[in-house]
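Visitor: Below is structure-v8.cif; it holds mmCIF, C-alpha atoms.
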data_coords
#
loop_
_atom_site.label_atom_id
_atom_site.label_comp_id
_atom_site.auth_asym_id
_atom_site.auth_seq_id
_atom_site.Cartn_x
_atom_site.Cartn_y
_atom_site.Cartn_z
CA MET A 1 74.28 9.36 -136.96
CA SER A 2 76.18 10.92 -134.06
CA GLN A 3 77.03 8.76 -131.07
CA SER A 4 75.84 11.61 -128.88
CA THR A 5 72.25 11.23 -130.11
CA ALA A 6 70.12 11.20 -126.96
CA LYS A 7 67.38 8.88 -128.12
CA ALA A 8 68.20 7.19 -131.41
CA SER A 9 65.27 5.36 -132.99
CA VAL A 10 66.21 1.86 -134.08
CA LEU A 11 64.04 -0.63 -135.96
CA LEU A 12 65.07 -4.18 -135.05
CA VAL A 13 64.26 -6.64 -137.83
CA GLY A 14 64.47 -10.41 -137.51
CA ALA A 15 62.45 -13.60 -137.20
CA TYR A 16 60.75 -12.34 -134.06
CA GLU A 17 57.24 -13.36 -135.09
CA ARG A 18 57.51 -17.01 -134.09
CA ASP A 19 58.66 -19.17 -131.19
CA ASN A 20 62.21 -20.05 -132.17
CA PHE A 21 64.67 -19.89 -129.29
CA GLY A 22 67.70 -18.47 -131.10
CA ASP A 23 65.82 -15.73 -132.95
CA LEU A 24 64.12 -14.53 -129.78
CA LEU A 25 67.47 -14.45 -127.98
CA PHE A 26 68.84 -12.27 -130.77
CA TYR A 27 66.13 -9.74 -129.96
CA GLN A 28 66.71 -9.84 -126.21
CA LEU A 29 70.48 -9.46 -126.46
CA THR A 30 70.33 -6.75 -129.14
CA LYS A 31 68.06 -4.78 -126.79
CA ASP A 32 70.81 -4.96 -124.17
CA TYR A 33 73.38 -3.48 -126.52
CA LEU A 34 71.03 -0.73 -127.70
CA GLU A 35 69.78 0.24 -124.25
CA GLY A 36 68.77 3.87 -124.19
CA SER A 37 67.49 3.88 -127.77
CA TYR A 38 63.88 3.94 -128.84
CA LEU A 39 63.35 0.40 -130.18
CA ALA A 40 60.62 -1.31 -132.18
CA ALA A 41 60.45 -4.93 -133.29
CA GLY A 42 59.71 -5.60 -136.95
CA SER A 43 59.35 -8.81 -138.90
CA VAL A 44 57.86 -10.15 -142.07
CA ILE A 45 54.41 -10.20 -140.42
CA GLY A 46 52.96 -8.93 -137.17
CA ALA A 47 52.52 -11.04 -134.05
CA ASP A 48 51.66 -10.54 -130.41
CA MET A 49 54.91 -11.66 -128.79
CA ARG A 50 54.31 -10.00 -125.42
CA PRO A 51 54.31 -13.33 -123.55
CA LEU A 52 57.81 -14.17 -124.83
CA LEU A 53 59.45 -10.83 -125.69
CA GLY A 54 57.39 -8.30 -123.77
CA THR A 55 56.44 -6.51 -126.99
CA ARG A 56 54.30 -6.72 -130.07
CA VAL A 57 56.03 -7.36 -133.38
CA TYR A 58 54.85 -5.37 -136.41
CA PRO A 59 55.34 -5.89 -140.15
CA HIS A 60 58.57 -4.07 -140.98
CA SER A 61 56.94 -2.69 -144.12
CA ASP A 62 54.36 -0.87 -141.96
CA LEU A 63 57.01 0.50 -139.61
CA LEU A 64 59.19 1.76 -142.46
CA ALA A 65 56.22 3.43 -144.12
CA ALA A 66 55.01 5.09 -140.93
CA ARG A 67 58.10 7.04 -139.80
CA ALA A 68 61.76 7.79 -140.39
CA TRP A 69 64.22 5.67 -138.41
CA ASP A 70 67.77 6.53 -137.45
CA LEU A 71 68.91 2.94 -137.98
CA VAL A 72 67.58 -0.41 -139.17
CA TRP A 73 69.30 -3.29 -137.39
CA VAL A 74 68.86 -6.76 -138.92
CA VAL A 75 69.94 -9.83 -136.95
CA GLY A 76 69.06 -13.47 -137.05
CA GLY A 77 71.19 -16.37 -138.20
CA GLU A 78 70.23 -18.24 -141.37
CA ILE A 79 67.73 -15.68 -142.63
CA GLY A 80 69.53 -14.75 -145.83
CA GLY A 81 67.83 -17.37 -147.95
CA VAL A 82 64.36 -17.21 -146.35
CA ASP A 83 61.66 -15.71 -148.57
CA THR A 84 58.24 -14.58 -147.40
CA GLU A 85 56.62 -17.85 -148.43
CA GLY A 86 59.13 -19.85 -146.40
CA ALA A 87 58.75 -17.59 -143.39
CA LEU A 88 54.96 -17.86 -143.43
CA ALA A 89 55.17 -21.64 -143.63
CA MET A 90 56.96 -21.57 -140.27
CA SER A 91 55.23 -18.62 -138.62
CA LEU A 92 51.53 -19.27 -139.16
CA THR A 93 49.56 -21.43 -136.76
CA GLU A 94 49.22 -25.10 -137.66
CA ALA A 95 45.66 -24.58 -138.93
CA ASP A 96 46.50 -21.45 -140.95
CA GLY A 97 49.77 -22.97 -142.13
CA SER A 98 47.98 -26.01 -143.51
CA ILE A 99 45.68 -23.76 -145.52
CA PHE A 100 48.66 -21.73 -146.72
CA ASP A 101 50.54 -24.88 -147.78
CA GLN A 102 47.62 -25.94 -149.97
CA SER A 103 46.93 -22.53 -151.51
CA GLY A 104 49.02 -22.91 -154.68
CA LYS A 105 51.40 -20.34 -156.07
CA ARG A 106 48.79 -17.67 -156.74
CA GLY A 107 47.05 -18.14 -153.42
CA LYS A 108 50.30 -17.96 -151.48
CA GLY A 109 51.16 -14.76 -153.29
CA VAL A 110 47.84 -13.17 -152.33
CA ILE A 111 48.21 -14.24 -148.68
CA ALA A 112 51.82 -13.05 -148.52
CA GLU A 113 50.90 -9.65 -149.96
CA PHE A 114 47.99 -9.27 -147.54
CA LEU A 115 49.97 -10.24 -144.41
CA SER A 116 53.35 -8.68 -145.17
CA GLY A 117 52.87 -6.15 -147.96
CA ALA A 118 55.45 -8.08 -150.01
CA SER A 119 55.47 -10.81 -152.62
CA ALA A 120 55.88 -14.45 -151.64
CA GLN A 121 59.36 -14.55 -153.20
CA SER A 122 60.77 -11.41 -151.60
CA PRO A 123 63.34 -11.75 -148.78
CA ALA A 124 61.44 -12.10 -145.54
CA TYR A 125 63.89 -10.32 -143.25
CA PHE A 126 65.82 -7.96 -145.53
CA PRO A 127 63.47 -4.96 -145.80
CA PRO A 128 63.91 -2.88 -148.99
CA VAL A 129 64.58 0.33 -147.06
CA ALA A 130 65.19 2.38 -150.20
CA ASN A 131 61.58 1.75 -151.31
CA PHE A 132 60.21 3.75 -148.38
CA PRO A 133 60.48 7.53 -148.91
CA LEU A 134 60.91 8.30 -145.22
CA ASN A 135 63.87 5.90 -144.97
CA THR A 136 65.65 6.20 -148.30
CA HIS A 137 68.91 7.11 -146.58
CA THR A 138 68.49 5.14 -143.35
CA PRO A 139 71.59 2.97 -142.72
CA VAL A 140 71.08 -0.78 -142.38
CA VAL A 141 73.29 -2.91 -140.15
CA MET A 142 73.26 -6.71 -140.53
CA ASN A 143 74.72 -8.51 -137.52
CA SER A 144 75.34 -12.23 -136.92
CA ILE A 145 73.84 -13.11 -140.28
CA GLY A 146 73.93 -16.40 -142.17
CA LEU A 147 74.04 -15.96 -145.95
CA SER A 148 75.40 -19.24 -147.29
CA ASN A 149 71.95 -20.58 -148.19
CA LEU A 150 71.79 -17.80 -150.78
CA PHE A 151 74.27 -19.84 -152.84
CA GLU A 152 71.24 -22.05 -153.62
CA THR A 153 69.10 -19.17 -154.89
CA GLU A 154 68.51 -19.19 -158.63
CA PRO A 155 70.38 -16.44 -160.50
CA GLY A 156 68.03 -13.67 -161.60
CA SER A 157 65.25 -14.73 -159.22
CA GLU A 158 63.19 -12.08 -157.43
CA HIS A 159 64.41 -13.31 -154.07
CA GLY A 160 68.06 -13.50 -155.09
CA ASP A 161 68.15 -10.09 -156.76
CA ALA A 162 66.43 -8.37 -153.83
CA ALA A 163 68.60 -10.11 -151.22
CA HIS A 164 71.79 -9.26 -153.11
CA ALA A 165 70.77 -5.61 -153.35
CA ALA A 166 69.95 -5.43 -149.63
CA ILE A 167 73.32 -6.92 -148.69
CA ARG A 168 75.29 -4.67 -151.03
CA ASN A 169 73.48 -1.57 -149.78
CA ALA A 170 73.90 -2.37 -146.08
CA ALA A 171 76.15 -0.02 -144.13
CA ALA A 172 77.76 -2.99 -142.34
CA VAL A 173 77.49 -6.76 -142.68
CA VAL A 174 78.78 -9.11 -139.97
CA VAL A 175 78.51 -12.83 -140.74
CA ARG A 176 78.99 -15.79 -138.45
CA ASP A 177 80.54 -18.38 -140.78
CA THR A 178 83.13 -18.48 -143.54
CA ALA A 179 80.68 -19.67 -146.21
CA SER A 180 78.55 -16.57 -145.61
CA GLN A 181 81.64 -14.39 -145.86
CA ARG A 182 82.47 -16.03 -149.21
CA PHE A 183 78.96 -15.42 -150.45
CA ALA A 184 79.13 -11.73 -149.55
CA ALA A 185 82.45 -11.46 -151.37
CA SER A 186 80.95 -13.18 -154.43
CA ILE A 187 78.43 -10.34 -154.84
CA GLY A 188 80.98 -7.62 -154.17
CA LYS A 189 80.32 -6.96 -150.47
CA THR A 190 82.98 -7.05 -147.76
CA ALA A 191 81.65 -8.79 -144.66
CA THR A 192 83.24 -9.09 -141.23
CA LEU A 193 83.52 -12.61 -139.79
CA SER A 194 82.65 -12.92 -136.10
CA PRO A 195 81.22 -15.54 -133.73
CA ASP A 196 77.45 -15.53 -133.31
CA MET A 197 76.45 -12.72 -130.94
CA VAL A 198 74.76 -15.18 -128.55
CA HIS A 199 78.25 -16.30 -127.48
CA ALA A 200 78.30 -13.07 -125.47
CA ILE A 201 75.44 -14.17 -123.22
CA SER A 202 77.80 -15.26 -120.42
CA LEU A 203 79.27 -11.75 -120.35
CA ARG A 204 75.95 -9.92 -120.61
CA HIS A 205 73.95 -12.23 -118.32
CA PRO A 206 76.30 -14.19 -116.04
CA GLU A 207 73.51 -14.42 -113.47
CA ILE A 208 71.57 -17.00 -115.45
CA ALA A 209 74.20 -19.64 -114.63
CA GLN A 210 73.55 -19.44 -110.89
CA ARG A 211 72.38 -22.89 -109.85
CA ARG A 212 69.39 -23.35 -107.61
CA LEU A 213 70.09 -24.76 -104.17
CA ASN A 214 69.22 -28.45 -103.70
CA ALA A 215 68.55 -28.90 -107.43
CA GLU A 216 69.51 -32.31 -108.78
CA PRO A 217 72.13 -32.10 -111.54
CA TYR A 218 70.84 -32.59 -115.06
CA PHE A 219 71.83 -32.48 -118.71
CA VAL A 220 69.76 -30.78 -121.41
CA PHE A 221 68.50 -32.83 -124.34
CA GLN A 222 66.95 -31.37 -127.50
CA ALA A 223 66.20 -32.80 -130.93
CA ASN A 224 64.24 -31.33 -133.81
CA ALA A 225 61.14 -33.00 -135.22
CA HIS A 226 62.98 -34.37 -138.24
CA LEU A 227 65.57 -36.22 -136.16
CA ILE A 228 63.02 -37.81 -133.84
CA GLN A 229 60.87 -38.89 -136.75
CA LEU A 230 63.91 -40.30 -138.54
CA HIS A 231 65.33 -42.33 -135.65
CA GLY A 232 62.25 -43.16 -133.59
CA ALA A 233 61.37 -42.67 -129.96
CA GLU A 234 62.69 -46.01 -128.74
CA ALA A 235 66.22 -45.62 -130.13
CA ILE A 236 66.43 -42.10 -128.75
CA ALA A 237 65.11 -43.10 -125.32
CA ARG A 238 67.67 -45.90 -125.07
CA SER A 239 70.51 -43.51 -125.93
CA ILE A 240 69.30 -41.02 -123.32
CA ALA A 241 69.10 -43.78 -120.72
CA ARG A 242 72.69 -44.82 -121.43
CA VAL A 243 73.89 -41.24 -121.02
CA ALA A 244 71.89 -40.70 -117.82
CA ARG A 245 73.24 -43.88 -116.24
CA ALA A 246 76.83 -43.13 -117.25
CA THR A 247 76.79 -39.56 -115.96
CA ASN A 248 74.31 -39.87 -113.08
CA LEU A 249 72.51 -36.84 -114.50
CA ARG A 250 68.80 -36.40 -115.11
CA PRO A 251 67.67 -35.57 -118.66
CA ALA A 252 65.85 -32.27 -119.15
CA PHE A 253 63.83 -32.13 -122.38
CA PHE A 254 64.25 -28.79 -124.12
CA LEU A 255 62.11 -27.42 -126.95
CA ALA A 256 64.23 -25.03 -129.04
CA GLY A 257 61.13 -23.78 -130.84
CA THR A 258 57.44 -24.63 -130.99
CA ALA A 259 56.75 -22.94 -134.33
CA ARG A 260 55.86 -25.14 -137.30
CA HIS A 261 58.72 -27.30 -138.62
CA HIS A 262 60.76 -26.87 -135.44
CA ASP A 263 60.50 -29.11 -132.34
CA ARG A 264 57.40 -31.04 -131.21
CA SER A 265 56.32 -31.65 -127.64
CA ASP A 266 54.24 -34.70 -128.61
CA GLN A 267 57.38 -36.41 -129.88
CA TYR A 268 59.13 -35.64 -126.60
CA ASP A 269 56.16 -37.15 -124.75
CA GLU A 270 56.62 -40.35 -126.74
CA VAL A 271 60.35 -40.48 -125.95
CA LYS A 272 59.66 -39.87 -122.25
CA SER A 273 56.99 -42.61 -122.22
CA VAL A 274 59.47 -45.13 -123.62
CA LEU A 275 62.12 -43.94 -121.17
CA ALA A 276 59.75 -44.48 -118.24
CA VAL A 277 59.30 -48.11 -119.32
CA ILE A 278 62.93 -49.01 -120.06
CA ALA A 279 64.51 -46.93 -117.28
CA PRO A 280 61.92 -46.15 -114.59
CA GLU A 281 64.71 -45.21 -112.17
CA ILE A 282 65.65 -42.17 -114.29
CA PRO A 283 63.50 -39.12 -113.50
CA THR A 284 63.22 -36.38 -116.09
CA VAL A 285 63.27 -32.61 -115.65
CA GLY A 286 60.28 -30.73 -117.02
CA ILE A 287 60.84 -27.39 -118.75
CA THR A 288 57.56 -25.56 -119.23
CA THR A 289 58.64 -21.95 -119.83
CA ARG A 290 58.94 -20.47 -123.31
CA ASP A 291 60.63 -17.28 -122.13
CA PRO A 292 63.93 -17.22 -124.07
CA MET A 293 66.09 -15.96 -121.20
CA LEU A 294 64.64 -18.51 -118.80
CA LEU A 295 65.27 -21.22 -121.36
CA ALA A 296 68.85 -20.02 -121.67
CA SER A 297 69.17 -20.30 -117.89
CA TYR A 298 68.23 -23.99 -118.03
CA ILE A 299 71.19 -24.54 -120.32
CA ALA A 300 73.55 -22.36 -118.29
CA ARG A 301 72.64 -24.17 -115.05
CA SER A 302 72.97 -27.64 -116.57
CA ARG A 303 76.01 -29.94 -116.57
CA MET A 304 75.92 -30.66 -120.32
CA TRP A 305 74.13 -29.85 -123.60
CA ILE A 306 73.05 -32.48 -126.14
CA GLY A 307 71.00 -31.31 -129.10
CA SER A 308 70.52 -30.29 -132.72
CA SER A 309 69.99 -26.57 -131.94
CA LEU A 310 72.88 -24.26 -132.76
CA HIS A 311 72.10 -21.75 -130.03
CA GLY A 312 71.85 -24.45 -127.40
CA ARG A 313 75.43 -25.39 -128.23
CA ILE A 314 76.51 -21.75 -128.34
CA ILE A 315 75.11 -21.01 -124.87
CA ALA A 316 76.71 -24.16 -123.45
CA GLY A 317 79.99 -23.04 -125.01
CA SER A 318 79.64 -19.52 -123.68
CA PHE A 319 79.42 -20.93 -120.15
CA GLY A 320 82.18 -23.48 -120.72
CA LEU A 321 79.94 -26.56 -120.48
CA PRO A 322 80.41 -29.92 -122.22
CA ARG A 323 78.38 -29.97 -125.43
CA VAL A 324 77.45 -32.54 -128.04
CA SER A 325 75.66 -31.70 -131.27
CA LEU A 326 73.41 -34.19 -133.01
CA GLU A 327 73.21 -34.52 -136.78
CA ASN A 328 72.67 -31.05 -138.25
CA ARG A 329 74.59 -29.65 -141.20
CA LYS A 330 74.15 -26.02 -140.15
CA VAL A 331 75.42 -26.69 -136.63
CA SER A 332 78.37 -28.78 -137.82
CA LYS A 333 79.40 -26.10 -140.30
CA TYR A 334 79.35 -23.44 -137.61
CA ALA A 335 81.03 -25.57 -134.94
CA ALA A 336 83.84 -26.51 -137.30
CA THR A 337 84.75 -22.81 -137.46
CA TRP A 338 84.31 -21.69 -133.85
CA ASP A 339 83.99 -24.74 -131.60
CA PRO A 340 85.79 -27.72 -133.20
CA ALA A 341 86.98 -29.38 -129.99
CA PHE A 342 83.53 -30.67 -129.04
CA PRO A 343 81.61 -33.46 -130.80
CA MET A 344 79.31 -32.58 -133.67
CA ASP A 345 77.16 -34.48 -136.18
CA VAL A 346 76.80 -37.30 -133.63
CA SER A 347 74.43 -40.22 -134.21
CA PHE A 348 72.31 -41.58 -131.37
CA ASP A 349 74.26 -44.86 -131.44
CA ASP A 350 77.49 -42.94 -130.79
CA LEU A 351 76.07 -40.56 -128.21
CA PRO A 352 77.51 -42.14 -125.01
CA GLU A 353 81.05 -42.11 -126.43
CA ALA A 354 80.60 -38.50 -127.60
CA VAL A 355 79.52 -37.50 -124.09
CA VAL A 356 82.76 -38.87 -122.65
CA GLU A 357 84.71 -36.92 -125.27
CA ALA A 358 82.78 -33.72 -124.45
CA PHE A 359 83.51 -33.95 -120.72
CA THR A 360 87.17 -34.63 -121.43
CA SER A 361 87.39 -31.66 -123.79
CA SER A 362 85.70 -29.34 -121.30
CA ARG A 363 88.48 -29.96 -118.76
CA LEU A 364 91.26 -28.79 -121.08
CA PRO A 365 92.36 -25.19 -120.34
CA ARG A 366 92.88 -24.35 -124.04
CA ASN A 367 89.25 -25.23 -124.82
CA ALA A 368 88.00 -23.13 -121.93
CA GLN A 369 90.08 -20.24 -123.24
CA ASP A 370 88.68 -20.71 -126.76
CA SER A 371 85.16 -20.43 -125.32
CA ARG A 372 86.05 -17.21 -123.53
CA ASP A 373 87.66 -15.86 -126.68
CA CYS A 374 84.46 -16.49 -128.69
CA ALA A 375 82.38 -14.73 -126.06
CA ASN A 376 84.71 -11.74 -125.99
CA ALA A 377 84.92 -11.51 -129.78
CA ALA A 378 81.13 -11.62 -130.18
CA ASP A 379 80.66 -8.99 -127.49
CA GLN A 380 83.32 -6.64 -128.86
CA GLN A 381 82.03 -6.91 -132.43
CA THR A 382 78.48 -5.97 -131.47
CA GLN A 383 79.69 -3.15 -129.23
CA ALA A 384 81.73 -1.82 -132.14
CA LEU A 385 78.64 -1.73 -134.35
CA VAL A 386 76.70 0.15 -131.68
CA GLU A 387 79.48 2.69 -131.20
CA THR A 388 79.73 3.25 -134.96
CA PHE A 389 76.09 3.53 -135.93
CA ARG A 390 73.95 4.55 -132.98
#
Could you rewrite the structure in this file as structure tokens?
Guide:
Amino acid sequence: MSQSTAKASVLLVGAYERDNFGDLLFYQLTKDYLEGSYLAAGSVIGADMRPLLGTRVYPHSDLLAARAWDLVWVVGGEIGGVDTEGALAMSLTEADGSIFDQSGKRGKGVIAEFLSGASAQSPAYFPPVANFPLNTHTPVVMNSIGLSNLFETEPGSEHGDAAHAAIRNAAAVVVRDTASQRFAASIGKTATLSPDMVHAISLRHPEIAQRRLNAEPYFVFQANAHLIQLHGAEAIARSIARVARATNLRPAFFLAGTARHHDRSDQYDEVKSVLAVIAPEIPTVGITTRDPMLLASYIARSRMWIGSSLHGRIIAGSFGLPRVSLENRKVSKYAATWDPAFPMDVSFDDLPEAVVEAFTSSRLPRNAQDSRDCANAADQQTQALVETFR
């Protein structure tokens, strides 16, 4: 495709059908880079995401069947190993998801075929472009992709074979961690290693860091449902109280995603109830928006990030803020590559000490420069893809 194309048509494919903070940010930032193109949002199933993204999301199978596209652009973190069944388990409503969970193998296959036009074991976010006559030769770009979970896919499985083929046939593959780069190499595909594209948010949207006048300083706290269930509301509330007292910052409770198997507001309510009893002098900050850019602004305007979400840490890093990551293998693996100077895999018992370490690290010029370098590298890599393929 020529760079001089006036109005290139680009199909954006990712996990845009559910409320997950990082995936929705991928869509918003990719739109920035592809400004001036005709864009449509595709995913494994359709969803009305106008309240969060300003657009409807359509099944990518329908969009590929309906018209020829100049480019298919896939983005979205750890989506390499997600099949349609796994995506539906997260993306359906709680009521529909419960029915889906109990449907058995055959029932799940029927539901998956009906909703997505694909089998339950097919890759959810790697559309088989070659199967659609209008798009047989349409180039596919994969940006900021996580592939390492494909190491766990059974050899010869429908999901594995289809995912491998999609990766090999892609015009460009950019991965965000070394394990994903090794996986691509293991199936004969050269992949470029680059920081997650969300690192570039401070360059693309510096305005979101502007602090409100007369706003009390706060730190952002986030924990996924598994962590809260594992450690209990009381232990978590006591750790938050210790941090708040030591830093003189208010805690702001941040939901990184309200889709199934993500974060749960009822668990946060329980933590806040315990906190009100054990530390009534510590007010909390309420975050009610689900708009991904507004959520990002809460992080950018904070004094510190604490959480299990990868993109919370990445945004804090992009703006040079102290950051502490709770127990999460995915986050620790990524941080070890791009952000090793700040605490990761921290238990709640060790949280106050990790906070001191994070503030100390944030004051070191070399760490501030590393953060800027990640932002610049992510921005330049995505710009290079746009210049090559649009």
Visitor: Check the smallest atom-to-atom distance from each of A:Phe319, A:Phe21, A:Phe389, A:Phe183 to A:Ala200 using all atoms listed in the file, then report the winner.
Guide: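 For A:Ala200, the nearest of the given residues is A:Phe319.
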Visitor: Which residues match the PyMOL selection byres ((chain A and resi 205) around 10) in the file above, as number ranges by chain?
Guide: A: 29, 32, 200-204, 206-209, 293, 296-297
Visitor: Step by step: start from the point (71.4, -34.3, -132.5) in the file's coordinates, keep every protein, DNA or RNA residue that has an atom no farther than 7 Å from it, count all atoms listed in the file, and write the set as a list in words.
Guide: Ala223, Ile306, Gly307, Ser308, Ser325, Leu326, Glu327, Asn328, Asp345, Val346 and Ser347 of chain A
Visitor: Separation of atom CA of A:Pro139 and atom CA of A:Lys7, in Å?
Guide: 16.3 Å
Visitor: Please enumerate the residues selected by the PyMOL selection byres ((chain A and resi 240) around 10) when evaluated against the supplied file, formatted as a VMD selection string.
Guide: chain A and resid 221 234 to 239 241 to 246 250 to 251 271 to 272 275 279 282 306 348 351 to 352
Visitor: Do you know which residues the PyMOL selection byres ((chain A and resi 87) around 10) returns on this file, as a short mmCIF file (atom, residue, chain, number, x, y, z; two decimals) with C-alpha atoms, in the coordinates of the input?
Guide:
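Result file is selection_27.cif:
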data_model
loop_
_atom_site.label_atom_id
_atom_site.label_comp_id
_atom_site.auth_asym_id
_atom_site.auth_seq_id
_atom_site.Cartn_x
_atom_site.Cartn_y
_atom_site.Cartn_z
CA ALA A 15 62.45 -13.60 -137.20
CA GLU A 17 57.24 -13.36 -135.09
CA ARG A 18 57.51 -17.01 -134.09
CA SER A 43 59.35 -8.81 -138.90
CA VAL A 44 57.86 -10.15 -142.07
CA ILE A 45 54.41 -10.20 -140.42
CA ILE A 79 67.73 -15.68 -142.63
CA VAL A 82 64.36 -17.21 -146.35
CA ASP A 83 61.66 -15.71 -148.57
CA THR A 84 58.24 -14.58 -147.40
CA GLU A 85 56.62 -17.85 -148.43
CA GLY A 86 59.13 -19.85 -146.40
CA LEU A 88 54.96 -17.86 -143.43
CA ALA A 89 55.17 -21.64 -143.63
CA MET A 90 56.96 -21.57 -140.27
CA SER A 91 55.23 -18.62 -138.62
CA LEU A 92 51.53 -19.27 -139.16
CA ALA A 112 51.82 -13.05 -148.52
CA ALA A 120 55.88 -14.45 -151.64
CA PRO A 123 63.34 -11.75 -148.78
CA ALA A 124 61.44 -12.10 -145.54
CA TYR A 125 63.89 -10.32 -143.25
#
Visitor: Given 6 Å of margin on each side, can you work out the centre and size in Å (one decimal) of an axis-aligned box holding every listed atom of stretch 241-245 of chain A, as AutoDock Vina command-line options?
Guide:
--center_x 71.5 --center_y -42.8 --center_z -118.8 --size_x 16.8 --size_y 16.1 --size_z 17.2
Visitor: Considering only C-alpha atoms, state which residue in the set A:Gln210, A:Glu216, A:Thr247, A:Glu353 is at the smallest distance from A:Arg301.
Guide: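 Nearest to A:Arg301: A:Gln210.
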Visitor: Between A:Met49, A:Ala191, A:Ala358, A:Ala184, which residue has the minimum interatomic distance to A:Asp19, considering all atoms listed in the file?
Guide: A:Met49
Visitor: Pick the closest to A:Gln28 from A:Met304, A:Leu147, A:Phe342, A:Val198: which is it, counting all atoms listed in the file?
Guide: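 Nearest candidate to A:Gln28 out of A:Met304, A:Leu147, A:Phe342, A:Val198: A:Val198.
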Visitor: Find, counting all atoms listed in the file, the residue in A:Thr382, A:Asn376, A:Glu78, A:Phe26 that gets nearest to A:Thr192.
Guide: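 For A:Thr192, the nearest of the candidates is A:Thr382.
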Visitor: Which residues are close to A:Ile145, i.e. within 10 Å by all atoms listed in the file, leaving aside same-chain residues fewer than 6 positions away? Reply as a list in words.
Guide: Val74, Val75, Gly76, Gly77, Glu78, Ile79, Gly80, Val173, Val174, Val175, Arg176, Asp177, Ser180, Gln181, Ala191, Leu193, Ser194, Asp196 and Met197 of chain A
Visitor: For atom CA of A:His164 and atom CA of A:Ala259, determine how far apart the two atoms are, in Å to one decimal place.
Guide: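 Atom CA of A:His164 sits 27.7 Å away from atom CA of A:Ala259.
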Visitor: Skip A:His159 itself and residues of its chain fewer than 3 positions away, then list as a ChimeraX atom specification all residues within 8 Å of it, counting all atoms listed in the file.
Guide: /A:83,121-123,153,162-163
